[in-house]
file final-v1.txt (compact mmCIF, C-alpha atoms)
# COMPACT_ATOMS: atom_id res chain seq x y z
CA MET A 364 48.31 38.43 -1.69
CA ASN A 365 45.06 36.94 -0.43
CA THR A 366 45.15 34.44 2.45
CA PRO A 367 44.05 31.03 1.21
CA PHE A 368 40.62 29.99 2.46
CA ARG A 369 40.72 27.37 5.21
CA LEU A 370 37.47 25.87 6.44
CA ASP A 371 38.52 25.49 10.08
CA GLU A 372 39.50 29.15 10.22
CA HIS A 373 36.21 30.32 8.70
CA ARG A 374 33.57 31.61 11.11
CA ARG A 375 31.19 28.71 11.47
CA ARG A 376 27.48 29.49 11.33
CA PRO A 377 24.97 27.25 13.10
CA GLN A 378 22.96 27.07 9.88
CA PRO A 379 23.70 27.87 6.26
CA PRO A 380 22.47 31.35 5.33
CA LEU A 381 19.07 30.36 3.97
CA SER A 382 15.97 32.49 4.27
CA ALA A 383 13.70 31.71 7.20
CA PRO A 384 10.49 29.77 6.50
CA PRO A 385 7.23 31.79 6.33
CA ASP A 386 5.85 33.32 9.51
CA ARG A 387 4.13 30.87 11.86
CA TYR A 388 5.26 27.94 9.71
CA PHE A 389 6.35 25.88 12.73
CA GLU A 390 3.18 26.80 14.62
CA GLN A 391 0.98 25.51 11.81
CA LEU A 392 2.96 22.45 10.73
CA PRO A 393 1.79 20.15 13.59
CA GLN A 394 -1.84 21.00 12.85
CA ARG A 395 -1.39 20.37 9.11
CA LEU A 396 0.23 17.04 9.85
CA MET A 397 -2.55 16.01 12.22
CA GLN A 398 -5.11 16.79 9.51
CA ARG A 399 -3.19 14.65 7.03
CA VAL A 400 -2.81 11.62 9.27
CA GLN A 401 -6.43 11.77 10.43
CA ALA A 402 -7.67 12.03 6.85
CA ALA A 403 -5.69 8.92 6.01
CA GLU A 404 -7.11 6.94 8.95
CA PRO A 405 -9.98 4.54 8.10
CA ALA A 406 -13.40 5.73 9.29
CA ALA A 407 -14.19 2.53 11.16
CA PRO A 408 -12.06 -0.33 12.42
CA LEU A 409 -11.35 -2.58 9.50
CA ALA A 410 -13.12 -5.92 9.77
CA TRP A 411 -10.48 -7.43 7.50
CA GLY A 412 -7.60 -6.37 9.74
CA TRP A 413 -6.77 -10.01 10.42
CA VAL A 414 -5.88 -10.45 6.73
CA ALA A 415 -3.16 -7.85 7.06
CA ALA A 416 -1.71 -9.79 9.98
CA LEU A 417 -1.13 -12.85 7.78
CA SER A 418 2.18 -13.38 6.04
CA GLY A 419 2.48 -12.76 2.30
CA PRO A 420 2.43 -16.43 1.14
CA VAL A 421 -0.56 -17.22 3.37
CA ARG A 422 -2.44 -14.22 1.97
CA THR A 423 -1.64 -15.39 -1.58
CA ALA A 424 -2.86 -18.93 -0.81
CA LEU A 425 -6.01 -17.54 0.79
CA ALA A 426 -6.73 -15.32 -2.20
CA SER A 427 -6.22 -18.28 -4.57
CA GLY A 428 -8.63 -20.38 -2.50
CA VAL A 429 -11.25 -17.65 -2.59
CA VAL A 430 -10.94 -17.33 -6.39
CA LEU A 431 -11.16 -21.09 -6.91
CA GLY A 432 -14.14 -21.29 -4.55
CA GLY A 433 -15.81 -18.56 -6.54
CA PHE A 434 -15.30 -20.50 -9.77
CA ALA A 435 -16.69 -23.66 -8.18
CA ALA A 436 -19.75 -21.82 -6.87
CA CYS A 437 -20.41 -20.27 -10.30
CA PHE A 438 -20.07 -23.66 -11.96
CA TRP A 439 -22.44 -25.29 -9.48
CA LEU A 440 -25.04 -22.55 -9.74
CA SER A 441 -24.92 -22.43 -13.54
CA ALA A 442 -25.45 -26.20 -13.87
CA GLY A 443 -28.95 -27.37 -14.97
CA PRO A 444 -31.78 -27.88 -12.46
CA ALA A 445 -31.64 -30.88 -10.25
CA ALA A 446 -32.74 -34.11 -11.94
CA PRO A 447 -36.53 -34.44 -11.70
CA VAL A 448 -38.01 -37.18 -9.66
CA ALA A 449 -38.61 -40.16 -11.91
CA PRO A 450 -42.28 -40.17 -13.04
CA PRO A 451 -42.93 -43.70 -11.86
CA ASP A 452 -41.65 -42.77 -8.39
CA SER A 453 -43.82 -39.66 -8.18
CA LEU A 454 -46.83 -41.54 -9.50
CA ALA A 455 -46.29 -44.22 -6.91
CA LEU A 456 -46.80 -41.59 -4.23
CA VAL A 457 -50.33 -40.84 -5.48
CA PRO A 458 -52.95 -43.05 -3.82
CA ARG A 459 -54.60 -45.40 -6.26
CA GLN A 460 -58.08 -44.16 -5.33
CA GLU A 461 -57.18 -40.54 -6.20
CA MET A 462 -55.61 -41.61 -9.45
CA VAL A 463 -58.78 -43.50 -10.48
CA GLN A 464 -60.94 -40.50 -9.55
CA TYR A 465 -58.72 -38.22 -11.61
CA LEU A 466 -58.86 -40.45 -14.66
CA LEU A 467 -62.63 -40.81 -14.42
CA ALA A 468 -63.26 -37.08 -13.87
CA SER A 469 -60.78 -35.62 -16.35
CA ASP A 470 -61.10 -35.44 -20.07
CA GLN A 471 -58.14 -37.69 -20.47
CA ARG A 472 -58.96 -40.84 -22.36
CA VAL A 473 -56.77 -43.89 -22.11
CA SER A 474 -56.78 -45.43 -25.54
CA LEU A 475 -55.88 -48.93 -26.44
CA THR A 476 -52.78 -47.56 -28.12
CA ASP A 477 -51.66 -46.14 -24.74
CA LEU A 478 -52.19 -49.47 -23.13
CA ALA A 479 -50.23 -51.19 -25.87
CA GLU A 480 -47.32 -48.73 -25.76
CA LEU A 481 -46.88 -48.46 -21.97
CA PRO A 482 -45.62 -52.01 -21.31
CA ALA A 483 -43.33 -51.76 -24.32
CA ALA A 484 -41.79 -48.48 -23.06
CA THR A 485 -41.31 -49.47 -19.41
CA PRO A 486 -41.60 -53.22 -19.12
CA GLU A 487 -39.56 -53.33 -15.88
CA LEU A 488 -41.72 -50.79 -14.03
CA LEU A 489 -45.26 -51.70 -14.81
CA PRO A 490 -46.06 -55.28 -15.82
CA ALA A 491 -49.24 -55.33 -17.84
CA ASP A 492 -51.02 -57.82 -15.56
CA GLU A 493 -50.76 -55.31 -12.65
CA TYR A 494 -53.09 -52.81 -14.16
CA LEU A 495 -55.19 -54.87 -16.58
CA HIS A 496 -56.51 -57.17 -13.86
CA ALA A 497 -57.56 -59.65 -16.54
CA SER A 498 -56.50 -63.10 -17.47
CA PRO A 499 -54.82 -63.70 -20.84
CA ALA A 500 -57.98 -65.33 -22.10
CA GLU A 501 -60.08 -62.30 -21.16
CA VAL A 502 -57.57 -59.99 -22.82
CA GLN A 503 -57.63 -62.12 -25.93
CA ASP A 504 -61.44 -62.04 -26.00
CA ALA A 505 -61.39 -58.23 -25.63
CA LEU A 506 -58.94 -57.92 -28.49
CA ASP A 507 -60.91 -60.24 -30.70
CA ALA A 508 -64.02 -58.12 -30.08
CA GLN A 509 -62.30 -54.95 -31.35
CA PRO A 510 -62.57 -53.93 -34.99
CA LEU A 511 -59.46 -54.85 -36.86
CA GLU A 512 -58.49 -51.22 -37.74
CA ASP A 513 -58.66 -50.13 -34.05
CA ALA A 514 -56.42 -52.92 -32.85
CA TYR A 515 -53.52 -52.26 -35.25
CA LEU A 516 -53.57 -48.50 -35.58
CA MET B 64 7.91 15.39 27.07
CA GLU B 65 10.67 12.77 27.01
CA ASP B 66 11.03 10.45 24.02
CA GLN B 67 10.16 7.41 26.11
CA GLU B 68 6.95 9.04 27.28
CA ILE B 69 6.05 10.01 23.72
CA LEU B 70 6.53 6.41 22.60
CA LEU B 71 4.42 5.02 25.44
CA LYS B 72 1.61 7.46 24.78
CA PHE B 73 1.75 6.83 21.04
CA ARG B 74 1.14 3.10 21.62
CA ASP B 75 -2.09 3.89 23.45
CA PRO B 76 -4.79 4.76 20.86
CA ALA B 77 -6.42 7.15 23.34
CA SER B 78 -3.32 9.34 23.60
CA ARG B 79 -1.79 8.72 20.19
CA ASN B 80 -2.70 12.09 18.68
CA VAL B 81 -1.34 14.00 21.66
CA ALA B 82 1.92 12.06 21.57
CA PHE B 83 2.37 12.62 17.85
CA ASN B 84 1.66 16.30 18.22
CA GLN B 85 4.33 16.52 20.91
CA LEU B 86 6.80 14.61 18.77
CA VAL B 87 6.26 16.95 15.81
CA ARG B 88 6.64 20.05 17.99
CA LYS B 89 9.82 18.69 19.51
CA TYR B 90 11.60 17.68 16.31
CA GLN B 91 10.05 19.69 13.47
CA GLN B 92 12.74 22.37 13.34
CA LYS B 93 15.62 19.92 13.37
CA VAL B 94 14.03 17.80 10.64
CA TYR B 95 13.05 20.83 8.57
CA TRP B 96 16.53 22.37 8.61
CA HIS B 97 18.22 19.05 7.97
CA VAL B 98 16.04 18.66 4.88
CA ARG B 99 16.25 22.32 3.88
CA LYS B 100 20.06 22.19 3.77
CA MET B 101 19.83 19.34 1.30
CA VAL B 102 17.12 20.69 -1.01
CA VAL B 103 17.58 24.47 -0.38
CA ASP B 104 14.06 25.45 -1.50
CA HIS B 105 11.48 26.00 1.27
CA ASP B 106 8.54 24.43 -0.61
CA ASP B 107 10.51 21.27 -1.34
CA ALA B 108 11.69 21.16 2.27
CA ASP B 109 8.11 21.59 3.47
CA ASP B 110 6.88 18.68 1.31
CA LEU B 111 9.70 16.42 2.44
CA THR B 112 9.35 17.34 6.11
CA GLN B 113 5.68 16.40 5.97
CA GLU B 114 6.52 13.12 4.26
CA VAL B 115 9.04 12.35 7.00
CA PHE B 116 6.47 12.84 9.74
CA ILE B 117 3.80 10.87 7.87
CA LYS B 118 6.27 7.97 7.71
CA VAL B 119 6.93 8.41 11.41
CA TRP B 120 3.18 8.21 12.11
CA ASN B 121 2.88 5.04 10.05
CA HIS B 122 5.88 3.24 11.53
CA LEU B 123 6.40 4.58 15.04
CA GLU B 124 4.33 1.78 16.57
CA ASN B 125 6.86 -0.72 15.22
CA PHE B 126 9.91 1.35 16.19
CA ARG B 127 12.15 -1.13 18.03
CA GLN B 128 14.30 1.45 19.81
CA ASP B 129 17.56 -0.01 18.51
CA ALA B 130 18.53 3.63 18.08
CA SER B 131 17.26 6.79 19.74
CA LEU B 132 14.12 8.41 18.38
CA TYR B 133 16.19 11.40 17.31
CA THR B 134 18.58 9.21 15.28
CA TRP B 135 15.68 7.28 13.76
CA LEU B 136 14.02 10.53 12.64
CA TYR B 137 17.25 11.72 11.07
CA ARG B 138 17.61 8.43 9.24
CA ILE B 139 14.12 8.74 7.77
CA ALA B 140 14.73 12.37 6.82
CA THR B 141 18.09 11.51 5.25
CA ASN B 142 16.63 8.69 3.18
CA GLU B 143 13.77 10.91 2.04
CA CYS B 144 16.21 13.62 0.91
CA LEU B 145 18.51 11.24 -0.94
CA SER B 146 15.58 9.53 -2.66
CA TRP B 147 14.09 12.88 -3.63
CA LEU B 148 17.37 14.14 -5.13
CA GLN B 149 17.90 10.87 -6.96
CA SER B 150 14.38 10.85 -8.40
CA LYS B 151 14.74 14.49 -9.46
CA ARG B 152 17.94 13.64 -11.30
CA ARG B 153 16.36 10.59 -12.93
CA ARG B 154 13.19 12.43 -13.90
CA PHE B 155 15.00 15.17 -15.73
CA PHE B 156 18.02 13.11 -16.84
CA LEU B 157 20.26 15.52 -14.99
CA PRO B 158 23.87 14.78 -14.14
CA LEU B 159 25.10 15.42 -10.60
CA HIS B 160 26.66 18.77 -11.50
CA ASP B 161 23.40 20.17 -12.93
CA VAL B 162 21.43 19.45 -9.79
CA GLY B 163 24.18 21.18 -7.79
CA ALA B 164 23.97 24.14 -10.18
CA GLU B 165 20.19 24.26 -9.83
CA LEU B 166 20.45 24.26 -6.05
CA ALA B 167 23.16 26.95 -6.26
CA ALA B 168 20.87 29.09 -8.43
CA LYS B 169 18.15 28.81 -5.75
CA LEU B 170 20.71 29.80 -3.16
CA GLU B 171 21.76 32.83 -5.24
CA ALA B 172 18.13 33.95 -5.32
CA ASP B 173 18.04 33.80 -1.53
CA GLU B 174 18.65 37.31 -0.22
CA SER B 175 20.21 36.14 3.01
CA LEU B 176 23.56 35.63 1.21
CA ALA B 177 23.86 39.21 -0.05
CA GLY B 178 27.07 40.97 0.90
CA ASP B 179 29.05 37.98 2.15
CA GLU B 180 31.22 36.89 -0.77
CA VAL B 181 33.20 34.20 1.01
CA GLU B 182 30.03 32.67 2.45
CA ARG B 183 28.41 32.66 -0.98
CA LYS B 184 31.40 30.78 -2.43
CA LEU B 185 31.39 28.39 0.49
CA GLN B 186 27.71 27.56 -0.05
CA LYS B 187 28.24 27.07 -3.79
CA ALA B 188 31.15 24.76 -3.04
CA ILE B 189 29.03 22.71 -0.62
CA LEU B 190 26.26 22.37 -3.22
CA ARG B 191 28.77 20.98 -5.73
CA LEU B 192 29.50 18.00 -3.51
CA PRO B 193 27.86 14.63 -4.26
CA ASP B 194 24.64 14.19 -2.29
CA LYS B 195 25.95 11.72 0.29
CA GLN B 196 29.15 13.66 0.87
CA ARG B 197 27.15 16.87 1.26
CA LEU B 198 24.94 15.12 3.77
CA VAL B 199 27.98 14.00 5.78
CA PHE B 200 29.43 17.50 5.61
CA ASN B 201 26.18 19.13 6.82
CA LEU B 202 25.76 16.74 9.72
CA ARG B 203 29.33 17.28 10.89
CA TYR B 204 30.00 20.91 10.05
CA TYR B 205 26.64 22.55 10.87
CA GLU B 206 25.04 20.15 13.32
CA GLU B 207 28.29 18.94 14.90
CA MET B 208 26.84 15.48 15.18
CA PRO B 209 29.23 12.88 16.66
CA TYR B 210 30.61 10.42 14.09
CA GLU B 211 29.07 7.48 15.98
CA GLN B 212 25.61 8.98 15.65
CA MET B 213 26.27 9.87 12.02
CA ALA B 214 27.14 6.22 11.46
CA GLU B 215 23.71 5.21 12.79
CA VAL B 216 21.94 7.79 10.65
CA THR B 217 23.75 6.99 7.41
CA GLY B 218 24.51 3.30 7.92
CA THR B 219 28.19 3.98 7.13
CA SER B 220 31.25 3.18 9.23
CA VAL B 221 32.87 5.89 11.34
CA GLY B 222 36.13 5.55 9.39
CA ALA B 223 34.37 6.05 6.07
CA LEU B 224 32.53 9.07 7.43
CA LYS B 225 35.75 10.70 8.66
CA ALA B 226 37.36 10.15 5.28
CA SER B 227 34.30 11.51 3.50
CA TYR B 228 34.25 14.66 5.64
CA HIS B 229 37.98 15.21 5.14
CA HIS B 230 37.64 14.92 1.34
CA ALA B 231 34.62 17.21 1.35
CA ALA B 232 36.50 19.89 3.33
CA LYS B 233 39.45 19.70 0.91
CA LYS B 234 37.18 20.01 -2.14
CA ILE B 235 35.43 23.01 -0.63
CA GLU B 236 38.70 24.80 0.19
CA GLN B 237 40.00 24.10 -3.28
CA TYR B 238 36.84 25.40 -4.95
CA VAL B 239 36.71 28.60 -2.87
CA ASN B 240 40.41 29.32 -3.48
CA GLN B 241 40.08 28.76 -7.24
CA GLN B 242 37.25 31.25 -7.63
CA SER B 243 38.39 34.72 -8.58
CA PRO B 244 37.34 37.52 -6.19
CA ASN B 245 34.71 38.73 -8.68
CA ASP B 246 33.31 35.31 -9.59

call {"tool": "encode", "arguments": {"input": "final-v1.txt", "output": "structure tokens"}}
result
Amino acid sequence: MNTPFRLDEHRRRPQPPLSAPPDRYFEQLPQRLMQRVQAAEPAAPLAWGWVAALSGPVRTALASGVVLGGFAACFWLSAGPAAPVAPPDSLALVPRQEMVQYLLASDQRVSLTDLAELPAATPELLPADEYLHASPAEVQDALDAQPLEDAYL
Amino acid sequence: MEDQEILLKFRDPASRNVAFNQLVRKYQQKVYWHVRKMVVDHDDADDLTQEVFIKVWNHLENFRQDASLYTWLYRIATNECLSWLQSKRRRFFLPLHDVGAELAAKLEADESLAGDEVERKLQKAILRLPDKQRLVFNLRYYEEMPYEQMAEVTGTSVGALKASYHHAAKKIEQYVNQQSPND
């Protein structure tokens, strides 16, 4: 009859009987590991290292802020060009002498129709008596002298 | 080089590589064989051993020295082995017994067991144990690690470890005795 197997009576080996690893395995393993960890290292110190030091919620809030800021910047940049300077304001900057020279030298002709429409369009900016330099009687005489079809066209 | 010296040198970027190299040389065989006993195959053990040391590289700077470096390394290696076995089982939908059978088949192919029938049965019996119980058995039977240190490695109480080892030994004896001489 066989003796029953008892673990504490069995000759204990220091290791289970497994085949040894390949030759020079333990000589090469440190070098292989060094290659792996150095390949995984970043090439230069990371300028964004401080982000990693922040806690998770703070990083989330920061990321949200950056995204919202990006949207705001896009919106601002895609809006139309800044409102142009109002023509009366820009015209006011031109010296009167230069303006008269320009009108005399250029081919532009100021017609009576222009003179009639301007006060109607911007009565608050340019009262007619400021540029006509004529009394109502003189204006009336000038109008009476014009042919009827010119005055009402 | 002492563990404390390795840790100090590792914290200095100028000597970090040297310290890590020393650490690997000091503990590679212990880690490798601890892993190898769990996964049997050399290639798998090689992969896992490398993963263990990569984790050590990544986390050693934050190692708080609550336990010794040796215990900490064993804990990482143990967790890697258990995760690997669990993922293998999940990936192939294998029950516990089939993984044990697969490991036993690898062991059978290993020529170092030829001629020793009782040892072959003993190894097959060990491979039939559940992963955690097999781990406890290996640490106690082969490495003769004190139960207190095993408790730090596995995160299990000393009492539970003693009970686990006792049950493992009984299962192994039962399995070996049930096998016919020609099995």

call {"tool": "interface_residues", "arguments": {"input": "final-v1.txt", "of": "chain B", "to": "chain A", "cutoff": "7 Å", "atoms": "only C-alpha atoms", "output": "ChimeraX atom specification"}}
result
/B:84,87-88,105,113,117,173,175-176,205,232,236,239-240

call {"tool": "residues_around", "arguments": {"input": "final-v1.txt", "residues": "range 108-112 of chain B", "least_positions_apart": "2", "cutoff": "7 Å", "atoms": "all atoms listed in the file", "output": "list in words"}}
result
Val94, Tyr95, Val98, Arg99, Val102, Asp104, His105, Asp106, Glu114, Val115, Phe116 and Glu143 of chain B

call {"tool": "atom_distance", "arguments": {"input": "final-v1.txt", "atom1": "CA of His122 in chain B", "atom2": "CA of Leu202 in chain B"}}
result
24.1 Å

call {"tool": "atom_distance", "arguments": {"input": "final-v1.txt", "atom1": "CA of Leu198 in chain B", "atom2": "CA of Met64 in chain B"}}
result
28.9 Å

call {"tool": "closest_residue", "arguments": {"input": "final-v1.txt", "among": "B:Leu136, B:Ala167, B:Asn201, B:Gln196", "to": "His230 in chain B", "atoms": "only C-alpha atoms"}}
result
B:Gln196

call {"tool": "closest_residue", "arguments": {"input": "final-v1.txt", "among": "B:Leu71, B:Leu132, B:Ile189, B:Val119", "to": "Glu215 in chain B", "atoms": "all atoms listed in the file"}}
result
B:Leu132

call {"tool": "atom_distance", "arguments": {"input": "final-v1.txt", "atom1": "CA of Gln149 in chain B", "atom2": "CA of Tyr133 in chain B"}}
result
24.3 Å

call {"tool": "residues_around", "arguments": {"input": "final-v1.txt", "residues": "range 209-211 of chain B", "least_positions_apart": "4", "cutoff": "9 Å", "atoms": "only C-alpha atoms", "output": "list of chain:residue names"}}
result
B:Leu202, B:Arg203, B:Glu215, B:Val216, B:Ser220, B:Val221, B:Gly222, B:Leu224, B:Lys225

call {"tool": "closest_residue", "arguments": {"input": "final-v1.txt", "among": "B:Ala172, B:Gln91, B:Asn80, B:Asp66", "to": "Gln391 in chain A", "atoms": "all atoms listed in the file"}}
result
B:Gln91
